[in-house]
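Novice: Could you have a look at this structure, given as structure tokens, before my questions?
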Amino acid sequence: MKKLVFISILLAFVVIILGAYTRLTDAGLGCPDWPGCYGRLAVPQQAEHIEHAAKAFPERPLVPHKAWNEMIHRYFAGSLGLLVVGLAVVAFRRKQQRLLAAAAVLLIVFQATLGMLTVTLNLMPLVVMGHLLGGFAMLALLFSWWLLQRRPLQATQQAAPWLWGGLAVLLLQIALGGWTSANYSAIACQGLPLCHEPWTENYRLDA
């Protein structure tokens, strides 16, 4: 059980990385439908399949490398979903961490829904940011599950306030970063820490 949870943590991390790579390569709509790609379970490669894709989605021409980036992300995310459901089944049978198991299944369903909405709503910033936060939430939940199997709850209670405080700050920073990226504002300011003009240009004191 511990090994499966640890594998799920690694897989969740890979899914987050692949999601970021998909975003950075502008492949979020590499496949304009969901969960398949142009009506298929894999990226169309044969001539007749490509022709059918062009007719079905004339507004979204097939770009193979973007489509593959998107589908590889979906394959890994789907594998994570199946693994989480399998872990939940084992947890309920053994009557161990059933609350965490149920939360993980609900979160993975929520993530799948956001993944669908990301495509169907054409990368709406709020949905994209929520999908990102959901991915990190899944990673944190699985890591908590793993820790609870290694150590009893009493052993970690003393550090809980600091952990929750650090987690809140981290989630806020991730949310701000996701919102900036989803709105294509990453290079809106060309300087660091200032934005274009010095502070003194905007806040001059009267003589």
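Each chain in the structure tokens gets a letter, A, B, ..., in the order shown, and its residues are numbered from 1; ligands are numbered from 1 in order too.
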Considering only C-alpha atoms, give me a table of residues in stretch 48-118 of chain A that are at most 12 Å from stretch 132-153 of chain A, with the closest atom pair and distance in Å for each, as CSV.
Specialist:
```
residue,atom,partner,partner_atom,distance
A:Ala77,CA,A:Gly135,CA,9.8
A:Leu80,CA,A:Met138,CA,10.2
A:Gly81,CA,A:Met138,CA,10.5
A:Leu83,CA,A:Leu142,CA,11.4
A:Val84,CA,A:Leu142,CA,9.0
A:Leu87,CA,A:Leu142,CA,10.4
A:Ala88,CA,A:Trp145,CA,11.2
A:Ala91,CA,A:Trp145,CA,10.8
A:Gln96,CA,A:Gln149,CA,9.3
A:Gln97,CA,A:Trp145,CA,7.7
A:Arg98,CA,A:Trp145,CA,10.3
A:Leu99,CA,A:Trp145,CA,10.2
A:Leu100,CA,A:Trp145,CA,6.9
A:Ala101,CA,A:Trp145,CA,8.5
A:Ala102,CA,A:Leu141,CA,11.1
A:Ala103,CA,A:Leu141,CA,8.4
A:Ala104,CA,A:Met138,CA,7.0
A:Val105,CA,A:Met138,CA,9.7
A:Leu106,CA,A:Met138,CA,10.2
A:Leu107,CA,A:Met138,CA,6.8
A:Ile108,CA,A:Met138,CA,7.5
A:Val109,CA,A:Gly134,CA,10.4
A:Phe110,CA,A:Gly134,CA,8.0
A:Gln111,CA,A:Gly134,CA,6.1
A:Ala112,CA,A:Gly134,CA,9.8
A:Thr113,CA,A:Gly134,CA,10.8
A:Leu114,CA,A:Gly134,CA,8.7
A:Gly115,CA,A:Leu132,CA,9.8
A:Thr118,CA,A:Leu132,CA,10.7
```
Novice: Would you mind listing what lies within 8 Å of A:Leu123 as number ranges by chain, with only C-alpha atoms counted and same-chain residues fewer than 6 positions away left out?
Specialist: A: 28-29, 117, 182
Novice: Give me the residues within 10 Å of A:Tyr75 as a ChimeraX atom specification, counting only C-alpha atoms and dropping any in the same chain fewer than 5 places off.
Specialist: /A:15,35,41-42,70,80-81
Novice: Store the residues of this selection in a file with all heavy atoms, as a short mmCIF file (atom, residue, chain, number, x, y, z; two decimals), in the first residue's frame.
Specialist:
```cif
data_model
loop_
_atom_site.label_atom_id
_atom_site.label_comp_id
_atom_site.auth_asym_id
_atom_site.auth_seq_id
_atom_site.Cartn_x
_atom_site.Cartn_y
_atom_site.Cartn_z
N VAL A 15 2.45 14.38 -13.83
CA VAL A 15 1.27 14.97 -14.47
C VAL A 15 1.32 16.49 -14.39
O VAL A 15 1.01 17.19 -15.36
CB VAL A 15 -0.02 14.44 -13.81
CG1 VAL A 15 -1.24 15.23 -14.29
CG2 VAL A 15 -0.22 12.96 -14.14
N PRO A 35 -12.58 13.36 -24.13
CA PRO A 35 -11.21 13.07 -23.70
C PRO A 35 -10.30 12.62 -24.83
O PRO A 35 -9.11 12.44 -24.62
CB PRO A 35 -11.40 11.94 -22.69
CG PRO A 35 -12.59 11.18 -23.22
CD PRO A 35 -13.50 12.24 -23.82
N LEU A 41 -8.90 8.06 -29.84
CA LEU A 41 -8.18 7.88 -28.59
C LEU A 41 -6.70 8.22 -28.71
O LEU A 41 -6.00 8.30 -27.71
CB LEU A 41 -8.33 6.44 -28.09
CG LEU A 41 -9.75 6.03 -27.67
CD1 LEU A 41 -9.78 4.57 -27.23
CD2 LEU A 41 -10.26 6.94 -26.55
N ALA A 42 -6.24 8.42 -29.92
CA ALA A 42 -4.85 8.82 -30.17
C ALA A 42 -4.85 9.90 -31.24
O ALA A 42 -5.86 10.13 -31.91
CB ALA A 42 -4.01 7.62 -30.61
N GLU A 70 -0.61 17.29 -25.68
CA GLU A 70 -1.85 17.28 -24.94
C GLU A 70 -2.28 15.86 -24.58
O GLU A 70 -2.69 15.58 -23.44
CB GLU A 70 -2.95 17.96 -25.75
CG GLU A 70 -4.34 17.88 -25.16
CD GLU A 70 -4.49 18.67 -23.87
OE1 GLU A 70 -3.56 19.41 -23.50
OE2 GLU A 70 -5.53 18.54 -23.22
N LEU A 80 -3.13 8.19 -13.53
CA LEU A 80 -3.19 8.61 -12.14
C LEU A 80 -4.60 8.42 -11.58
O LEU A 80 -4.76 7.96 -10.44
CB LEU A 80 -2.78 10.08 -12.01
CG LEU A 80 -2.88 10.70 -10.61
CD1 LEU A 80 -1.97 9.96 -9.63
CD2 LEU A 80 -2.55 12.18 -10.65
N GLY A 81 -5.60 8.76 -12.36
CA GLY A 81 -6.98 8.58 -11.91
C GLY A 81 -7.30 7.14 -11.61
O GLY A 81 -7.91 6.82 -10.56
#
```
Novice: Which of these residues is nearest to A:Phe57, using only C-alpha atoms: A:Asp33, A:Ser79, A:Ile7, A:Pro44?
Specialist: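 Looking at the shortest contact to A:Phe57, the residue is A:Asp33.
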Novice: Can you pull out the residues contacting A:Gly178? Cut-off 9 Å, using only C-alpha atoms, and skip same-chain residues under 3 positions away; I want them as a list in words.
Specialist: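 Near A:Gly178, the qualifying residues are Pro125, Val128, Met129, Gly130, Leu132, Leu133, Gln173, Ile174, Ala175, Ser181, Ala182 and Asn183 of chain A.
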Novice: Please write the residues from the selection above to a file, keeping all heavy atoms, as a PDB file, in the first residue's frame.
Specialist:
```
ATOM      1  N   PRO A 125      -9.342  31.473 -18.163  1.00  0.00           N
ATOM      2  CA  PRO A 125      -8.315  31.633 -17.124  1.00  0.00           C
ATOM      3  C   PRO A 125      -8.701  31.062 -15.766  1.00  0.00           C
ATOM      4  O   PRO A 125      -7.877  30.422 -15.104  1.00  0.00           O
ATOM      5  CB  PRO A 125      -8.123  33.153 -17.060  1.00  0.00           C
ATOM      6  CG  PRO A 125      -8.455  33.624 -18.434  1.00  0.00           C
ATOM      7  CD  PRO A 125      -9.571  32.728 -18.896  1.00  0.00           C
ATOM      8  N   VAL A 128      -8.435  27.294 -15.902  1.00  0.00           N
ATOM      9  CA  VAL A 128      -7.029  26.881 -15.994  1.00  0.00           C
ATOM     10  C   VAL A 128      -6.351  26.984 -14.636  1.00  0.00           C
ATOM     11  O   VAL A 128      -5.625  26.078 -14.210  1.00  0.00           O
ATOM     12  CB  VAL A 128      -6.291  27.738 -17.042  1.00  0.00           C
ATOM     13  CG1 VAL A 128      -4.794  27.439 -17.016  1.00  0.00           C
ATOM     14  CG2 VAL A 128      -6.849  27.471 -18.433  1.00  0.00           C
ATOM     15  N   MET A 129      -6.585  28.089 -13.932  1.00  0.00           N
ATOM     16  CA  MET A 129      -5.990  28.257 -12.614  1.00  0.00           C
ATOM     17  C   MET A 129      -6.533  27.212 -11.638  1.00  0.00           C
ATOM     18  O   MET A 129      -5.780  26.633 -10.843  1.00  0.00           O
ATOM     19  CB  MET A 129      -6.260  29.656 -12.078  1.00  0.00           C
ATOM     20  CG  MET A 129      -5.549  29.944 -10.752  1.00  0.00           C
ATOM     21  SD  MET A 129      -6.017  31.509 -10.006  1.00  0.00           S
ATOM     22  CE  MET A 129      -7.699  31.158  -9.495  1.00  0.00           C
ATOM     23  N   GLY A 130      -7.832  26.950 -11.684  1.00  0.00           N
ATOM     24  CA  GLY A 130      -8.410  25.938 -10.811  1.00  0.00           C
ATOM     25  C   GLY A 130      -7.852  24.559 -11.084  1.00  0.00           C
ATOM     26  O   GLY A 130      -7.607  23.768 -10.155  1.00  0.00           O
ATOM     27  N   LEU A 132      -4.863  23.916 -12.234  1.00  0.00           N
ATOM     28  CA  LEU A 132      -3.505  23.899 -11.682  1.00  0.00           C
ATOM     29  C   LEU A 132      -3.531  23.666 -10.175  1.00  0.00           C
ATOM     30  O   LEU A 132      -2.806  22.820  -9.649  1.00  0.00           O
ATOM     31  CB  LEU A 132      -2.815  25.229 -11.996  1.00  0.00           C
ATOM     32  CG  LEU A 132      -1.438  25.436 -11.350  1.00  0.00           C
ATOM     33  CD1 LEU A 132      -0.419  24.467 -11.929  1.00  0.00           C
ATOM     34  CD2 LEU A 132      -0.965  26.878 -11.549  1.00  0.00           C
ATOM     35  N   LEU A 133      -4.380  24.413  -9.475  1.00  0.00           N
ATOM     36  CA  LEU A 133      -4.470  24.253  -8.028  1.00  0.00           C
ATOM     37  C   LEU A 133      -4.961  22.860  -7.648  1.00  0.00           C
ATOM     38  O   LEU A 133      -4.529  22.285  -6.644  1.00  0.00           O
ATOM     39  CB  LEU A 133      -5.404  25.315  -7.444  1.00  0.00           C
ATOM     40  CG  LEU A 133      -4.891  26.756  -7.481  1.00  0.00           C
ATOM     41  CD1 LEU A 133      -5.938  27.705  -6.927  1.00  0.00           C
ATOM     42  CD2 LEU A 133      -3.589  26.884  -6.705  1.00  0.00           C
ATOM     43  N   GLN A 173       0.843  31.699  -3.660  1.00  0.00           N
ATOM     44  CA  GLN A 173       1.820  32.004  -4.698  1.00  0.00           C
ATOM     45  C   GLN A 173       1.558  31.202  -5.968  1.00  0.00           C
ATOM     46  O   GLN A 173       1.675  31.717  -7.088  1.00  0.00           O
ATOM     47  CB  GLN A 173       3.235  31.714  -4.175  1.00  0.00           C
ATOM     48  CG  GLN A 173       4.349  32.100  -5.130  1.00  0.00           C
ATOM     49  CD  GLN A 173       4.324  33.575  -5.481  1.00  0.00           C
ATOM     50  OE1 GLN A 173       4.086  34.426  -4.628  1.00  0.00           O
ATOM     51  NE2 GLN A 173       4.537  33.900  -6.746  1.00  0.00           N
ATOM     52  N   ILE A 174       1.198  29.936  -5.801  1.00  0.00           N
ATOM     53  CA  ILE A 174       0.884  29.107  -6.973  1.00  0.00           C
ATOM     54  C   ILE A 174      -0.339  29.656  -7.691  1.00  0.00           C
ATOM     55  O   ILE A 174      -0.377  29.725  -8.929  1.00  0.00           O
ATOM     56  CB  ILE A 174       0.644  27.648  -6.536  1.00  0.00           C
ATOM     57  CG1 ILE A 174       1.955  27.026  -6.040  1.00  0.00           C
ATOM     58  CG2 ILE A 174       0.082  26.825  -7.702  1.00  0.00           C
ATOM     59  CD1 ILE A 174       1.782  25.668  -5.408  1.00  0.00           C
ATOM     60  N   ALA A 175      -1.351  30.073  -6.922  1.00  0.00           N
ATOM     61  CA  ALA A 175      -2.565  30.616  -7.525  1.00  0.00           C
ATOM     62  C   ALA A 175      -2.262  31.892  -8.304  1.00  0.00           C
ATOM     63  O   ALA A 175      -2.748  32.087  -9.429  1.00  0.00           O
ATOM     64  CB  ALA A 175      -3.609  30.892  -6.442  1.00  0.00           C
ATOM     65  N   SER A 181      -0.203  33.339 -15.608  1.00  0.00           N
ATOM     66  CA  SER A 181       0.034  32.552 -16.818  1.00  0.00           C
ATOM     67  C   SER A 181      -1.230  32.378 -17.642  1.00  0.00           C
ATOM     68  O   SER A 181      -1.208  32.499 -18.864  1.00  0.00           O
ATOM     69  CB  SER A 181       0.601  31.183 -16.436  1.00  0.00           C
ATOM     70  OG  SER A 181       0.756  30.354 -17.569  1.00  0.00           O
ATOM     71  N   ALA A 182      -2.354  32.112 -16.964  1.00  0.00           N
ATOM     72  CA  ALA A 182      -3.605  31.882 -17.677  1.00  0.00           C
ATOM     73  C   ALA A 182      -4.078  33.119 -18.425  1.00  0.00           C
ATOM     74  O   ALA A 182      -4.783  33.024 -19.435  1.00  0.00           O
ATOM     75  CB  ALA A 182      -4.687  31.426 -16.705  1.00  0.00           C
ATOM     76  N   ASN A 183      -3.675  34.297 -17.950  1.00  0.00           N
ATOM     77  CA  ASN A 183      -4.042  35.543 -18.615  1.00  0.00           C
ATOM     78  C   ASN A 183      -2.941  36.058 -19.530  1.00  0.00           C
ATOM     79  O   ASN A 183      -3.007  37.198 -20.002  1.00  0.00           O
ATOM     80  CB  ASN A 183      -4.384  36.612 -17.567  1.00  0.00           C
ATOM     81  CG  ASN A 183      -5.736  36.389 -16.937  1.00  0.00           C
ATOM     82  OD1 ASN A 183      -6.771  36.761 -17.489  1.00  0.00           O
ATOM     83  ND2 ASN A 183      -5.754  35.764 -15.759  1.00  0.00           N
TER      84      ASN A 183
END
```
Novice: Within stretch 26-202 of chain A, find each residue whose DSSP state, derived from the backbone, is helix (DSSP H, G or I), and express the selection as a PyMOL selection string.
Specialist: chain A and resi 47-56+64-94+98-120+125-150+153-156+160-182+199-202
Novice: In Å, with one decimal, what is the gap from atom CA of A:Leu18 to atom CA of A:Phe76?
Specialist: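 These two atoms are separated by 8.5 Å.
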Novice: Could you work out how far atom CA of A:Cys31 lies from atom CA of A:Pro58, giving the answer in Å with one decimal?
Specialist: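 Distance reported for this atom pair: 12.4 Å.
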